[in-house]
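Below is query_17.cif, which holds mmCIF, C-alpha atoms and all ligand atoms.
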```cif
data_final
loop_
_atom_site.label_atom_id
_atom_site.label_comp_id
_atom_site.auth_asym_id
_atom_site.auth_seq_id
_atom_site.Cartn_x
_atom_site.Cartn_y
_atom_site.Cartn_z
CA MET A 12 -54.78 -44.85 41.24
CA GLN A 13 -51.36 -43.25 41.07
CA ASP A 14 -52.49 -41.30 37.99
CA LEU A 15 -55.41 -39.89 39.91
CA LEU A 16 -53.27 -38.90 42.91
CA ASP A 17 -50.73 -37.32 40.55
CA LEU A 18 -53.48 -35.27 38.95
CA ILE A 19 -54.77 -34.24 42.38
CA HIS A 20 -51.26 -33.15 43.37
CA GLN A 21 -50.67 -31.30 40.10
CA ARG A 22 -53.94 -29.34 40.20
CA HIS A 23 -53.07 -25.87 41.36
CA SER A 24 -54.22 -22.28 41.26
CA ALA A 25 -52.83 -20.98 37.98
CA ARG A 26 -52.54 -17.29 38.88
CA THR A 27 -50.17 -16.22 36.10
CA PRO A 28 -51.41 -14.37 32.98
CA TYR A 29 -52.90 -16.56 30.25
CA ASP A 30 -52.22 -16.37 26.53
CA SER A 31 -55.18 -14.34 25.25
CA SER A 32 -54.54 -15.47 21.66
CA ARG A 33 -55.18 -19.13 22.52
CA ALA A 34 -58.88 -19.85 22.79
CA ILE A 35 -60.05 -22.90 24.72
CA PRO A 36 -60.86 -25.60 22.15
CA GLN A 37 -64.53 -26.55 22.13
CA PRO A 38 -63.84 -30.25 22.98
CA ALA A 39 -61.99 -29.13 26.11
CA LEU A 40 -64.87 -26.88 27.15
CA ASP A 41 -67.26 -29.75 26.52
CA GLN A 42 -65.24 -32.05 28.75
CA ILE A 43 -65.00 -29.50 31.55
CA VAL A 44 -68.76 -28.88 31.67
CA GLU A 45 -69.42 -32.60 31.27
CA ALA A 46 -67.24 -33.16 34.35
CA ALA A 47 -69.28 -30.50 36.17
CA SER A 48 -72.51 -32.25 35.28
CA TRP A 49 -71.29 -35.48 36.92
CA ALA A 50 -70.33 -33.84 40.19
CA PRO A 51 -72.10 -35.24 43.23
CA THR A 52 -74.70 -32.77 44.54
CA ALA A 53 -76.78 -33.14 47.69
CA HIS A 54 -80.00 -35.01 46.91
CA ASN A 55 -78.88 -34.83 43.27
CA MET A 56 -80.34 -31.31 43.23
CA GLN A 57 -77.84 -30.15 40.54
CA ASN A 58 -78.19 -26.67 41.95
CA PHE A 59 -75.95 -24.87 39.46
CA GLU A 60 -75.78 -23.29 36.03
CA ILE A 61 -72.60 -22.40 34.18
CA VAL A 62 -72.16 -19.42 31.88
CA VAL A 63 -69.19 -19.94 29.55
CA ILE A 64 -67.86 -16.56 28.47
CA ASP A 65 -65.30 -16.52 25.69
CA ASP A 66 -66.56 -13.67 23.54
CA PRO A 67 -63.68 -11.11 23.63
CA SER A 68 -65.95 -8.06 23.72
CA THR A 69 -67.96 -9.52 26.63
CA LEU A 70 -64.74 -10.32 28.49
CA GLN A 71 -63.57 -6.79 27.87
CA ALA A 72 -66.83 -5.36 29.22
CA ILE A 73 -66.52 -7.59 32.31
CA GLY A 74 -62.94 -6.38 32.75
CA ALA A 75 -64.21 -2.80 32.97
CA ILE A 76 -66.35 -3.56 36.07
CA GLU A 77 -64.97 -1.89 39.18
CA THR A 78 -64.50 -3.68 42.51
CA ARG A 79 -63.66 -2.49 45.99
CA THR A 80 -61.90 -4.43 48.71
CA SER A 81 -63.82 -4.81 51.97
CA PRO A 82 -62.24 -4.27 55.41
CA VAL A 83 -63.51 -7.73 56.40
CA PHE A 84 -61.59 -9.33 53.55
CA LEU A 85 -58.46 -7.35 54.42
CA ARG A 86 -58.62 -8.25 58.12
CA GLU A 87 -59.27 -11.95 57.62
CA ASN A 88 -56.84 -12.19 54.71
CA ALA A 89 -54.00 -10.71 56.75
CA ARG A 90 -54.38 -13.47 59.36
CA GLN A 91 -53.72 -16.13 56.71
CA LEU A 92 -50.49 -14.64 55.37
CA SER A 93 -46.95 -15.91 55.87
CA ALA A 94 -44.21 -13.33 55.45
CA SER A 95 -41.73 -15.71 53.84
CA VAL A 96 -41.63 -19.03 52.02
CA GLU A 97 -39.89 -20.50 55.05
CA ALA A 98 -42.69 -19.32 57.36
CA LEU A 99 -45.29 -20.74 54.98
CA ARG A 100 -43.50 -24.08 54.85
CA GLN A 101 -43.59 -24.22 58.64
CA ARG A 102 -47.19 -23.07 59.01
CA ARG A 103 -48.48 -25.28 56.17
CA THR A 104 -51.77 -23.40 55.78
CA GLY A 105 -52.66 -20.04 54.27
CA VAL A 106 -50.82 -18.22 51.52
CA ILE A 107 -47.68 -16.17 50.97
CA ALA A 108 -47.96 -12.46 51.84
CA SER A 109 -46.18 -11.32 48.67
CA MET A 110 -49.36 -12.15 46.71
CA PHE A 111 -50.85 -8.97 48.17
CA PRO A 112 -49.87 -5.29 48.32
CA PRO A 113 -47.63 -4.36 51.31
CA ALA A 114 -50.39 -2.32 52.97
CA TRP A 115 -52.57 -5.45 53.25
CA ARG A 116 -50.05 -7.62 55.06
CA GLU A 117 -49.94 -6.27 58.61
CA PRO A 118 -52.47 -8.17 60.78
CA ASP A 119 -53.08 -5.26 63.19
CA ALA A 120 -53.46 -2.55 60.58
CA ASP A 121 -56.46 -0.19 60.45
CA PHE A 122 -58.25 -2.05 57.68
CA GLU A 123 -61.22 0.34 57.62
CA ALA A 124 -58.81 3.13 56.70
CA ILE A 125 -56.86 0.99 54.23
CA ALA A 126 -60.05 -0.13 52.46
CA ALA A 127 -61.34 3.45 52.32
CA ALA A 128 -58.06 4.63 50.78
CA GLU A 129 -57.86 1.85 48.19
CA PRO A 130 -58.80 3.00 44.70
CA ALA A 131 -61.39 0.87 42.90
CA ALA A 132 -59.78 -1.99 40.98
CA LEU A 133 -60.95 -3.22 37.60
CA LEU A 134 -61.88 -6.86 37.07
CA SER A 135 -59.43 -6.89 34.15
CA HIS A 136 -56.77 -6.96 36.86
CA SER A 137 -58.21 -10.29 38.08
CA LEU A 138 -58.90 -11.67 34.60
CA GLN A 139 -55.30 -11.13 33.48
CA SER A 140 -55.98 -11.69 29.79
CA ALA A 141 -57.89 -14.95 30.29
CA PRO A 142 -59.58 -15.99 27.03
CA CYS A 143 -62.39 -17.74 28.90
CA LEU A 144 -64.35 -17.33 32.10
CA LEU A 145 -66.73 -19.88 33.58
CA LEU A 146 -69.32 -18.27 35.80
CA VAL A 147 -70.86 -20.77 38.19
CA LEU A 148 -74.32 -19.70 39.34
CA TYR A 149 -76.32 -21.42 42.02
CA ASP A 150 -80.01 -21.69 42.55
CA ALA A 151 -80.91 -21.34 46.23
CA ARG A 152 -84.41 -22.60 45.43
CA LYS A 153 -82.86 -26.00 44.74
CA ARG A 154 -81.92 -26.44 48.39
CA ALA A 155 -81.41 -30.04 49.48
CA PRO A 156 -84.20 -31.06 51.86
CA ALA A 157 -83.83 -29.49 55.32
CA SER A 158 -80.29 -28.26 54.66
CA GLU A 159 -79.97 -25.39 57.13
CA GLY A 160 -78.36 -22.40 55.39
CA ASP A 161 -78.07 -24.47 52.18
CA VAL A 162 -74.80 -25.88 53.52
CA LEU A 163 -75.25 -29.06 51.50
CA GLY A 164 -75.84 -26.94 48.40
CA PHE A 165 -72.55 -25.08 48.92
CA ILE A 166 -70.65 -28.32 49.45
CA SER A 167 -72.14 -29.48 46.14
CA LEU A 168 -70.78 -26.37 44.41
CA GLY A 169 -67.34 -27.29 45.71
CA CYS A 170 -67.69 -30.73 44.13
CA VAL A 171 -68.53 -29.04 40.82
CA MET A 172 -65.45 -26.88 41.21
CA GLU A 173 -63.11 -29.78 41.83
CA ASN A 174 -64.47 -31.85 38.94
CA MET A 175 -63.91 -28.95 36.53
CA TRP A 176 -60.53 -28.12 38.00
CA LEU A 177 -59.16 -31.66 37.74
CA THR A 178 -60.45 -31.92 34.19
CA ALA A 179 -58.80 -28.61 33.21
CA GLN A 180 -55.57 -29.80 34.82
CA SER A 181 -55.70 -33.08 32.92
CA LEU A 182 -56.13 -31.09 29.68
CA GLY A 183 -53.09 -28.94 30.46
CA LEU A 184 -55.21 -25.84 31.03
CA GLY A 185 -54.72 -23.30 33.78
CA LEU A 186 -57.63 -22.53 36.09
CA GLN A 187 -57.94 -19.98 38.86
CA ILE A 188 -60.94 -19.45 41.10
CA LEU A 189 -61.96 -15.82 41.41
CA SER A 190 -64.11 -15.23 44.49
CA VAL A 191 -64.34 -11.52 43.77
CA PHE A 192 -67.06 -12.33 41.26
CA SER A 193 -69.47 -13.30 44.02
CA SER A 194 -69.32 -9.90 45.72
CA GLU A 195 -72.67 -8.11 45.59
CA PRO A 196 -71.68 -5.17 43.35
CA VAL A 197 -69.97 -7.45 40.82
CA GLU A 198 -72.92 -9.82 40.83
CA ALA A 199 -75.34 -6.93 40.23
CA ALA A 200 -73.25 -5.61 37.32
CA LEU A 201 -72.95 -9.06 35.77
CA ARG A 202 -76.65 -9.78 36.21
CA ARG A 203 -77.42 -6.66 34.17
CA MET A 204 -74.80 -7.49 31.55
CA LEU A 205 -75.43 -11.24 31.14
CA GLY A 206 -79.15 -11.34 31.94
CA PHE A 207 -79.31 -14.13 34.52
CA PRO A 208 -82.45 -14.09 36.67
CA ALA A 209 -82.77 -12.94 40.29
CA HIS A 210 -83.05 -16.45 41.74
CA LEU A 211 -79.53 -17.28 40.54
CA LYS A 212 -76.53 -16.04 42.48
CA ILE A 213 -72.85 -16.19 41.58
CA ALA A 214 -70.98 -18.90 43.49
CA TYR A 215 -67.58 -18.24 41.92
CA ALA A 216 -65.89 -17.67 38.60
CA CYS A 217 -63.14 -19.77 37.05
CA ARG A 218 -60.56 -18.08 34.91
CA LEU A 219 -59.45 -20.57 32.26
CA GLY A 220 -56.64 -20.51 29.74
CA HIS A 221 -53.19 -21.55 28.62
CA PRO A 222 -50.75 -20.11 31.16
CA ALA A 223 -48.27 -17.77 29.49
CA GLU A 224 -45.70 -18.52 32.24
CA ALA A 225 -44.93 -21.60 34.27
CA HIS A 226 -46.35 -21.47 37.77
CA ASP A 227 -43.70 -21.03 40.37
CA TYR A 228 -44.96 -20.83 43.90
CA VAL A 229 -44.74 -22.90 47.01
CA ARG A 230 -47.80 -25.03 47.77
CA VAL A 231 -48.13 -26.39 51.26
CA ARG A 232 -50.40 -28.82 53.06
CA ARG A 233 -50.61 -30.10 56.60
CA PRO A 234 -49.04 -33.49 57.24
CA LEU A 235 -51.65 -36.24 57.51
CA ASP A 236 -51.13 -36.80 61.22
CA ALA A 237 -52.07 -33.15 61.86
CA PHE A 238 -55.68 -33.73 60.86
CA VAL A 239 -56.39 -37.47 60.67
CA HIS A 240 -57.56 -39.07 63.88
CA ARG A 241 -57.59 -42.79 64.49
CA ASN A 242 -60.75 -44.29 66.00
CA ARG A 243 -61.39 -41.25 68.22
CA TYR A 244 -60.64 -37.54 68.00
CA GLY A 245 -57.04 -37.10 69.10
CA GLY A 246 -56.41 -40.79 68.66
CA GLU A 247 -52.89 -41.47 67.49
CA GLY A 248 -51.49 -44.28 65.43
CA PRO A 249 -50.56 -45.02 61.88
CA ILE A 250 -53.33 -44.13 59.45
C1 LIG B 301 -64.01 -21.61 47.47
C2 LIG B 301 -62.64 -21.17 47.00
C3 LIG B 301 -62.40 -19.83 46.72
C4 LIG B 301 -61.14 -19.41 46.25
N1 LIG B 301 -60.96 -18.10 45.88
C5 LIG B 301 -59.79 -17.75 45.30
C6 LIG B 301 -59.61 -16.44 44.78
O1 LIG B 301 -60.48 -15.58 44.83
N2 LIG B 301 -58.41 -16.14 44.20
C7 LIG B 301 -57.39 -17.07 44.11
O2 LIG B 301 -56.35 -16.77 43.56
N3 LIG B 301 -57.55 -18.32 44.61
C8 LIG B 301 -58.72 -18.67 45.19
N4 LIG B 301 -58.88 -19.95 45.65
C9 LIG B 301 -57.76 -20.91 45.57
C10 LIG B 301 -57.11 -21.17 46.91
O3 LIG B 301 -56.46 -20.01 47.40
C11 LIG B 301 -56.13 -22.30 46.68
O4 LIG B 301 -56.83 -23.45 46.30
C12 LIG B 301 -55.27 -22.62 47.91
O5 LIG B 301 -54.47 -21.52 48.25
C13 LIG B 301 -54.38 -23.83 47.65
O6 LIG B 301 -53.56 -23.61 46.51
P1 LIG B 301 -53.62 -24.57 45.25
O7 LIG B 301 -54.97 -24.38 44.60
O8 LIG B 301 -52.53 -24.12 44.33
O9 LIG B 301 -53.46 -25.97 45.73
C14 LIG B 301 -60.11 -20.37 46.12
C15 LIG B 301 -60.35 -21.72 46.41
C16 LIG B 301 -61.60 -22.13 46.83
C17 LIG B 301 -61.85 -23.60 47.09
#
```
As structure tokens, how would this structure be written, given the file I've shared?
Amino acid sequence: MQDLLDLIHQRHSARTPYDSSRAIPQPALDQIVEAASWAPTAHNMQNFEIVVIDDPSTLQAIGAIETRTSPVFLRENARQLSASVEALRQRRTGVIASMFPPAWREPDADFEAIAAAEPAALLSHSLQSAPCLLLVLYDARKRAPASEGDVLGFISLGCVMENMWLTAQSLGLGLQILSVFSSEPVEAALRRMLGFPAHLKIAYACRLGHPAEAHDYVRVRRPLDAFVHRNRYGGEGPI
């Protein structure tokens, strides 16, 4: 049990560059997708497909796709930022502001103007020399029975994510989720490039590789008594 909790603690977003000269060994890829296949999914719908991309020329072509930041992302992102490590440690949710450009950090900024002024970014900036990308697609036709808005389907995709992430961590591989891949323009460009059909949408991408640097950032969580309730909501007591 301790081993499992250690692995859960150690799993982290590996946002540093990866060593592009170190491919992911096939047995490791096999284990990661095997772990995905055993994820719990609502009604066992198995509503996902995974495209493993490790061909360097395909990765390069993906890296040349342009993205734009939306004002909605900027506004909602700014609310989750802590200006210092100390502030993050106190708040215990969200992320550190220094991950983002200075113009993005002020919660009351004019985000329409900031987004309009931002030059397009290339996906290579997000890929950061990753030798492998896992593209997780979902099939909205495989909705669990009566799941309004496919909520149960999305929860299932999270289970797939965690299974793969824990497996990558246990293999000593870095993994970072890249939500930018599910934006509409990126999805359209990738659909053309990779040929996946219209009924499949991108849930998220996982950047996978051997981190070229050790990760060095503060990870915070709420204390258990901030979200665990005993016997009734708001109920106190040892958990
Ligand atoms: C659905 C989902 C989307 C995420 N999207 C991104 C992303 O686009 N870029 C990123 O660096 N991290 C992304 N993350 C990682 C979270 O920011 C991260 O898990 C959280 O800050 C806690 O840090 P930790 O993973 O190191 O524990 C995502 C995580 C989830 C579950």
As AutoDock Vina command-line options: centre and edge lengths in Å, one decimal, of the axis-aligned box holding ligand LIG 301 (chain B) with 4 Å per side:
```
--center_x -58.3 --center_y -20.8 --center_z 45.9 --size_x 19.5 --size_y 18.4 --size_z 12.7
```
Determine, for each residue of chain A having at least one atom at most 6 Å from an atom of ligand LIG 301 (chain B), the closest pair of atoms and their separation in Å to one decimal, counting all atoms listed in the file; order by chain and ascending number, as a Markdown table.
```
| residue | atom | partner | partner_atom | distance |
| --- | --- | --- | --- | --- |
| A:His23 | CA | B:LIG301 | O8 | 3.5 |
| A:Ser24 | CA | B:LIG301 | O8 | 4.0 |
| A:Val106 | CA | B:LIG301 | O5 | 5.9 |
| A:Gln187 | CA | B:LIG301 | O2 | 5.9 |
| A:Ile188 | CA | B:LIG301 | C5 | 4.7 |
| A:Leu189 | CA | B:LIG301 | O1 | 3.7 |
| A:Ser190 | CA | B:LIG301 | O1 | 3.7 |
| A:Val191 | CA | B:LIG301 | O1 | 5.7 |
| A:Arg230 | CA | B:LIG301 | O8 | 5.9 |
```
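Using all atoms listed in the file, the shortest contact distance between Phe59 (chain A) and any of A:Val231, A:Met204, A:Ile35, A:Met172 is found at A:Met172.
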**Message:** as a PyMOL selection string, please: the residues near region 86-97 of chain A (cut-off 8 Å, only C-alpha atoms, same-chain neighbours under 2 positions excluded).
**Reply:** chain A and resi 82-84+99-102+104-109+115-118+122+229
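With CA of Ile43 (chain A) on one side and CA of Met175 (chain A) on the other, the separation reads 5.1 Å.
For the choices A:Gln71, A:Ser158, A:Gln180, A:Ser194, the atom-to-atom distance to Gln42 (chain A) is smallest for A:Gln180 when using only C-alpha atoms.
Distances here use all atoms listed in the file; by that measure, the residue among A:Glu224, A:Glu247, A:Asp150, A:Glu159 closest to Glu60 (chain A) is A:Asp150.
Considering the residues A:Val62, A:Leu186, A:Ala141, A:Cys170 and counting only C-alpha atoms, Ile213 (chain A) has its shortest atom-to-atom contact with A:Val62.
In this comparison, which uses all atoms listed in the file, the residue of A:Ile64, A:Cys143, A:Ala25, A:Leu138 approaching Asp227 (chain A) most closely is A:Ala25.
Between CA of Leu201 (chain A) and CA of Thr178 (chain A) lies a distance of 26.1 Å.
Of the listed residues (A:Leu133, A:Val171, A:Val162, A:Ala223), A:Val171 comes nearest to Val44 (chain A); the distances count only C-alpha atoms.
What separates CA of Ile166 (chain A) from CA of Ala53 (chain A) is a distance of 8.0 Å.
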Residues around (-58.1, -15.9, 26.2), cut-off 7 Å, counting only C-alpha atoms - what are they as a PDB file with C-alpha atoms, in the frame of the given file?
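The resulting part_15.pdb:
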```pdb
ATOM      1  CA  TYR A  29     -52.900 -16.560  30.250  1.00  0.00           C
ATOM      2  CA  ASP A  30     -52.220 -16.370  26.530  1.00  0.00           C
ATOM      3  CA  SER A  31     -55.180 -14.340  25.250  1.00  0.00           C
ATOM      4  CA  SER A  32     -54.540 -15.470  21.660  1.00  0.00           C
ATOM      5  CA  ARG A  33     -55.180 -19.130  22.520  1.00  0.00           C
ATOM      6  CA  ALA A  34     -58.880 -19.850  22.790  1.00  0.00           C
ATOM      7  CA  SER A 140     -55.980 -11.690  29.790  1.00  0.00           C
ATOM      8  CA  ALA A 141     -57.890 -14.950  30.290  1.00  0.00           C
ATOM      9  CA  PRO A 142     -59.580 -15.990  27.030  1.00  0.00           C
ATOM     10  CA  CYS A 143     -62.390 -17.740  28.900  1.00  0.00           C
ATOM     11  CA  GLY A 220     -56.640 -20.510  29.740  1.00  0.00           C
TER      12      GLY A 220
END
```
**Item:** Spatial neighbours of Phe165 (chain A), 10 Å, all atoms listed in the file, chain gap at least 3 places, as a VMD selection string
**Value:** chain A and resid 52 to 53 58 149 151 154 160 to 162 168 to 171 214
